[in-house]
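One structure below.
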Amino acid sequence: MAGGLSPAAALPTEVRTRAARRRSPAVWLLLGPPSLVLTLLFMLPIGLVLVTSITDPRMSLAHYQRIFTVPLYTHVMLNTFVTSLVVTALCLVLGYPVAYVMARRSDWVSTLLLTIVAMSFWTGFLVRTYAWLVILGSKGPVTGAYQALGLGPAPQLLFTSFASTLGMTHILLPYMILALFAVMKKIEPDQLKAAASLGARPRAAFAAVFLPLSLPGVVNGSLLVFVSCLGFFVTPILLGTPRDMMISQLINQQIEELLAWGFASAVAVILLIATGLILVVYNRFAGLDRLWG
Amino acid sequence: MTAYLSLRNIVKSYDGRVNAVDNVSIDIAKGEFLTFLGPSGSGKTTTLMMIAGFEAPSAGAIELEGEDLTRRKPYERNIGVVFQNYALFPHMTVERNVAFPLRMRRFPRNREAARVREILDLVGLGPFAGKHPRELSGGQQQRVALARGLVFNPDVLLLDEPLGALDKSLREQMQVELKRIQREVGITTVYVTHDQTEAMTMSDRIAVFSHGKLEQVAPPLDVYHRPRTRFVGEFIGDSNIFAGTVDESQPGCVTLEALGPMRVDVEAWRRVGKGAVDVLVRPERVQLAAPGAEPALLNRLVMEIGVIVNYGDSVLLIGSARGQRLRMRIAGAQPDAIREGATVIVGWRPGDEHLIARS
Ligand SMILES: Nc1ncnc2c1ncn2[C@@H]1O[C@H](COP(=O)(O)OP(=O)(O)OP(=O)(O)O)[C@@H](O)[C@H]1O
Ligand SMILES: [Mg+2]
């Protein structure tokens with residue numbers, strides 16, 4: 001309803017509250033199933049993980065102590081953090097110009113870009129990860145190019161942190177672009193015309209008007225990419241190396257190879273807390289509802 | 001009149017087939033308040049955007065004091081623009097918004113604050129300097145946009161329907177205010193509106209647009225009383241327009257379709273020459289021919305009253321005479337004899353009409 005008054009808003013307060021009270025069983029009926037689903041599929045598993053992390057194999061906080069004292073594990077934490085930062089920065093640098101063109105052009109260029117971005121957005125990340133396996137693999141085009149140019153044997157690309165960073169950047173780039181685009185599209189073209197008429201050359205107009213107005217998109221997109229990256233699972237495992245593990249690789253390794261459920265759970269809890277903290281800080285300053293534009 | 005800003009044979013086509021602006025030429029004097037008036041899609045905004053430099057003319061030239069501006073970028077012209085939606089920078093305070101053009105033009109920093117204050121006082125916004133645009137009312141935002149467009153002493157100020165988003169009473173208040181500021185600063189102004197009252201009350205001259213063409217450029221009263229084309233006569237104000245032919249054998253005589261011969265001003269009759277003419281009679285010039293009154297009311301008609309619209313301070317009668325649509329407006333209260341369905345004798349004096357030669 002575009003700007004219209006809802007019928008309920010037009011009623012006198014007394015009538016409205018009575019109607020609301022009468023409606024309340026229905027409200028509970030509506031809230032019931034989702035609450036149940038959330039509890040069963042979300043709260044319960046998380047609770048289990050928490051409990052496991054301090055009870056398996058026996059009741060203690062030893063797992064947490066290990067995470068923060070054993071260099072191998074602090075290295076994983078640091079590596080996860082740094083990789084996420086790098087991927088976020090790469091996505092921002094690559095995504096900003098694309099989103100800018102998409103938002104500022106209103107012709108076929110914009111449509112084409114949006115189609116491409118949406119297509120890669122909807123292509124499963126497993127598929128895209130496998131694509132990198134092929135591209136960077138020993139029989140792939142990169143190796144082929146090295147040999148064709150006579151540059152000798154190609155360097156090892158696959159199963160390096162380079163490959164996993166590349167893969168994650170590729171997979172998360174559409175999220176960044178769409179988050180930026182959503183905000184940039186709302187910047188009035190008249191704003192930039194006004195800036196020009198007031199004497200601002202294109203660069204000055206960009207720096208003084210467009211860039212600041214696009215910052216919410218930068219924050220949203222970066223947060224989205226960073227948080228997704230922290231817990232990214234498939235791509236680092238398939239493309240990366242156990243030597244520079246991300247958190248999710250560590251969890252996987254602990255369970256698959258060592259059956260160390262308690263320790264793996266503790267690592268998962270740390271990941272959960274880190275993600276939660278970031279969201280809390282963001283929510284404090286920007287509001288979670290703006291995450292999707 | 002010496003031209004300050006000149007549009008010379010401006011043509012603009014967006015698609016290469018239809019001309020959104022079609023061969024428009026206007027000379028605007030320094031300090032003049034010129035209004036572009038016309039229906040939606042008639043090319044007013046497009047013309048304004050070409051003056052500002054946001055659109056390049058397909059043909060023609062724009063000159064300021066004899067200097068060719070046509071190929072200059074907007075930021076190389078010294079022209080202030082006020083947009084309909086204000087286009088204030090939401091992330092800057094009122095003060096920073098207004099200081100923006102000064103910064104861009106490298107105005108001395110030590111005089112910046114004083115200049116901003118001066119212009120904010122002019123538009124009556126001194127106390128709001130530290131606020132953000134979203135904290136202001138529509139009228140206040142409008143003033144900020146105006147201050148920002150004036151602060152750098154532009155050569156010309158362009159306004160595209162600046163009052164379009166305001167409610168009626170605020171609009172009237174802002175009209176007066178805008179006019180005061182324009183006079184005080186003495187700035188050459190081009191104003192776009194499709195509100196004819198606004199155009200009539202504020203302008204030194206009105207340029208009437210239709211389908212990208214200029215129909216007439218003249219002072220408000222000329223446009224109202226002596227429209228150059230039938231379109232202008234119909235577009236501005238309320239009108240009766242009768243098709244007729246000049247009776248060449250009798251000076252001051254025109255034969256109207258269905259209504260027969262009518263007397264018109266002899267001078268005007270001579271000027272239109274011969275052939276087909278449109279005769280414009282404003283509804284307020286049509287009078288009731290009460291028995292014995294107004295012997296000068298030579299052109300008489302029998303009017304059947306269809307609908308009466310009572311405005312309180314005046315009454316509009318809509319009806320017909322011999323099948324021709326006829327409207328008349330009576331000042332004051334509704335007379336007793338006037339009822340819907342009634343028949344009255346009405347008329348107008350020679351000279352109360354305006355002749356438009358049919359091209
Ligand atoms: N950017 C554009 N691309 C293509 N056609 C346009 C563009 N801007 C305007 N036009 C066309 O040019 C013509 C004139 O438009 P313009 O905006 O100048 O009219 P206007 O007199 O300002 O109308 P309004 O009173 O509705 O603002 C219209 O037919 C419009 O469709
Ligand atoms: Mg317009």
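How things are named: the first chain in the structure tokens is A, the next is B, and so on; residues count from 1 in each chain; ligands count from 1 in the order shown.
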Residues of chain A near chain B: apply a cut-off of 12 Å, count only C-alpha atoms, and supply the list as a ChimeraX atom specification. /A:187-205,207-216
Test item: residues no farther than 12 Å from ligand 1, counting only C-alpha atoms and all ligand atoms, as a VMD selection string: (chain A and resid 106 to 107 189) or (chain B and resid 11 to 22 35 to 50 54 to 56 83 to 84 159 to 162 164 191 to 196 207 to 214)
Helix (DSSP H, G or I) call set, DSSP backbone run, region 148-307 of chain B, as a ChimeraX atom specification: /B:148-150,168-185,196-202,220-225,230-235,266-272,283-285
What lies within 12 Å of Gly217 (chain A) using only C-alpha atoms, ignoring chain neighbours under 2 positions off, as number ranges by chain? A: 92, 95-96, 99-100, 175-187, 210-215, 219-225, 286, 290-293
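The list of residues with at least one atom within 12 Å of Val134 (chain A), based on only C-alpha atoms and without residues fewer than 2 positions apart in the same chain, reads Val127, Arg128, Thr129, Tyr130, Ala131, Trp132, Leu136, Gly137, Ser138, Lys139, Gly140, Pro141, Val142, Thr143, Gly144, Leu157, Leu158, Ala163, Gly167, Leu238 and Leu239 of chain A.
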With N, CA and C atoms retained, export the selected residues as a CSV table (one decimal), in the first residue's frame.
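Output contents, as saved in again_5.csv:
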```csv
chain,number,residue,atom,x,y,z
A,127,VAL,N,29.5,-25.7,-7.9
A,127,VAL,CA,29.8,-25.8,-9.4
A,127,VAL,C,31.0,-24.8,-9.7
A,128,ARG,N,30.9,-23.6,-9.1
A,128,ARG,CA,32.0,-22.6,-9.4
A,128,ARG,C,33.3,-23.0,-8.8
A,129,THR,N,33.2,-23.7,-7.7
A,129,THR,CA,34.5,-24.2,-7.1
A,129,THR,C,35.1,-25.3,-8.0
A,130,TYR,N,34.3,-26.2,-8.4
A,130,TYR,CA,34.8,-27.2,-9.3
A,130,TYR,C,35.4,-26.6,-10.6
A,131,ALA,N,34.7,-25.5,-11.1
A,131,ALA,CA,35.3,-24.9,-12.3
A,131,ALA,C,36.7,-24.4,-12.0
A,132,TRP,N,37.0,-23.9,-10.8
A,132,TRP,CA,38.4,-23.5,-10.5
A,132,TRP,C,39.3,-24.7,-10.4
A,136,LEU,N,42.5,-24.5,-12.7
A,136,LEU,CA,43.8,-24.4,-12.1
A,136,LEU,C,44.5,-25.8,-12.1
A,137,GLY,N,43.8,-26.8,-12.5
A,137,GLY,CA,44.3,-28.2,-12.4
A,137,GLY,C,45.5,-28.5,-13.3
A,138,SER,N,46.1,-29.7,-13.2
A,138,SER,CA,47.3,-30.0,-13.9
A,138,SER,C,47.0,-30.1,-15.4
A,139,LYS,N,45.7,-30.4,-15.8
A,139,LYS,CA,45.4,-30.5,-17.2
A,139,LYS,C,44.6,-29.2,-17.7
A,140,GLY,N,44.6,-28.2,-16.9
A,140,GLY,CA,43.8,-27.0,-17.1
A,140,GLY,C,44.4,-26.0,-18.1
A,141,PRO,N,43.7,-25.0,-18.4
A,141,PRO,CA,44.1,-24.0,-19.4
A,141,PRO,C,45.3,-23.2,-18.9
A,142,VAL,N,45.4,-23.0,-17.6
A,142,VAL,CA,46.6,-22.2,-17.1
A,142,VAL,C,47.9,-23.0,-17.3
A,143,THR,N,47.9,-24.2,-16.9
A,143,THR,CA,49.0,-25.1,-17.1
A,143,THR,C,49.3,-25.2,-18.6
A,144,GLY,N,48.2,-25.3,-19.4
A,144,GLY,CA,48.4,-25.4,-20.8
A,144,GLY,C,49.0,-24.2,-21.4
A,157,LEU,N,49.3,-24.2,-8.5
A,157,LEU,CA,48.3,-23.2,-8.2
A,157,LEU,C,47.2,-23.9,-7.4
A,158,LEU,N,46.8,-25.1,-7.8
A,158,LEU,CA,45.7,-25.7,-7.0
A,158,LEU,C,46.2,-26.1,-5.6
A,163,ALA,N,44.7,-20.2,-4.4
A,163,ALA,CA,43.5,-20.8,-5.1
A,163,ALA,C,42.2,-20.6,-4.3
A,167,GLY,N,39.1,-18.4,-5.3
A,167,GLY,CA,37.7,-19.1,-5.4
A,167,GLY,C,36.7,-18.4,-4.5
A,238,LEU,N,38.3,-27.6,-0.9
A,238,LEU,CA,38.6,-28.2,-2.2
A,238,LEU,C,39.8,-27.5,-2.9
A,239,LEU,N,39.9,-26.2,-2.7
A,239,LEU,CA,41.0,-25.5,-3.4
A,239,LEU,C,42.2,-25.2,-2.5
```
Within 8 Å of Pro283 (chain B) using only C-alpha atoms, minus same-chain residues under 3 positions, as a ChimeraX atom specification: /B:238-240,286,327-329
Quick check, in Å to one decimal: how far apart do CA of Gln324 (chain B) and CA of Ala258 (chain B) lie?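 One can read the CA of Gln324 (chain B) to CA of Ala258 (chain B) distance as 7.4 Å.
The nearest approach to Leu158 (chain B) among the residues B:Gln216, B:Gln182, B:Thr189, B:Thr197, with only C-alpha atoms taken into account, belongs to B:Thr189.
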When you draw a straight line from CA of Gln175 (chain B) to CA of Phe33 (chain B), how long is it in Å?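 If I compute the distance from CA of Gln175 (chain B) to CA of Phe33 (chain B), I get 12.5 Å.
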Just want the 10 Å neighbourhood of Ala89 (chain A), counted on only C-alpha atoms, with same-chain residues fewer than 4 positions away dropped. Output as an mmCIF file with C-alpha atoms, in the first residue's frame.
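Printed below is out.cif as written:
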```
data_model
loop_
_atom_site.group_PDB
_atom_site.id
_atom_site.type_symbol
_atom_site.label_atom_id
_atom_site.label_comp_id
_atom_site.auth_asym_id
_atom_site.auth_seq_id
_atom_site.Cartn_x
_atom_site.Cartn_y
_atom_site.Cartn_z
ATOM 1 C CA THR A 83 42.029 -14.339 4.424
ATOM 2 C CA SER A 84 38.541 -12.982 5.074
ATOM 3 C CA LEU A 85 39.937 -9.454 5.088
ATOM 4 C CA VAL A 93 37.948 -3.326 -5.266
ATOM 5 C CA LEU A 94 36.579 -5.521 -8.050
ATOM 6 C CA GLY A 95 32.918 -5.025 -7.242
ATOM 7 C CA THR A 169 36.525 -13.929 -4.037
ATOM 8 C CA SER A 222 31.890 -5.925 3.239
ATOM 9 C CA VAL A 225 31.433 -11.011 2.407
ATOM 10 C CA PHE A 226 33.559 -10.978 5.556
#
```
Which residues are close to Ile251 (chain A), i.e. within 8 Å by only C-alpha atoms, leaving aside same-chain residues fewer than 6 positions away? Reply as a PDB file with N, CA and C atoms, in the first residue's frame.
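Output contents, as saved in result09.pdb:
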```pdb
ATOM      1  N   ALA A 264      36.249 -29.894  18.024  1.00  0.00           N
ATOM      2  CA  ALA A 264      35.626 -29.305  16.839  1.00  0.00           C
ATOM      3  C   ALA A 264      34.471 -28.392  17.251  1.00  0.00           C
ATOM      4  N   SER A 265      33.698 -28.849  18.232  1.00  0.00           N
ATOM      5  CA  SER A 265      32.566 -28.037  18.695  1.00  0.00           C
ATOM      6  C   SER A 265      33.053 -26.726  19.295  1.00  0.00           C
ATOM      7  N   VAL A 267      35.737 -25.081  18.542  1.00  0.00           N
ATOM      8  CA  VAL A 267      36.138 -24.200  17.441  1.00  0.00           C
ATOM      9  C   VAL A 267      34.896 -23.584  16.780  1.00  0.00           C
ATOM     10  N   ALA A 268      33.875 -24.409  16.594  1.00  0.00           N
ATOM     11  CA  ALA A 268      32.636 -23.914  15.990  1.00  0.00           C
ATOM     12  C   ALA A 268      32.014 -22.815  16.845  1.00  0.00           C
TER      13      ALA A 268
END
```
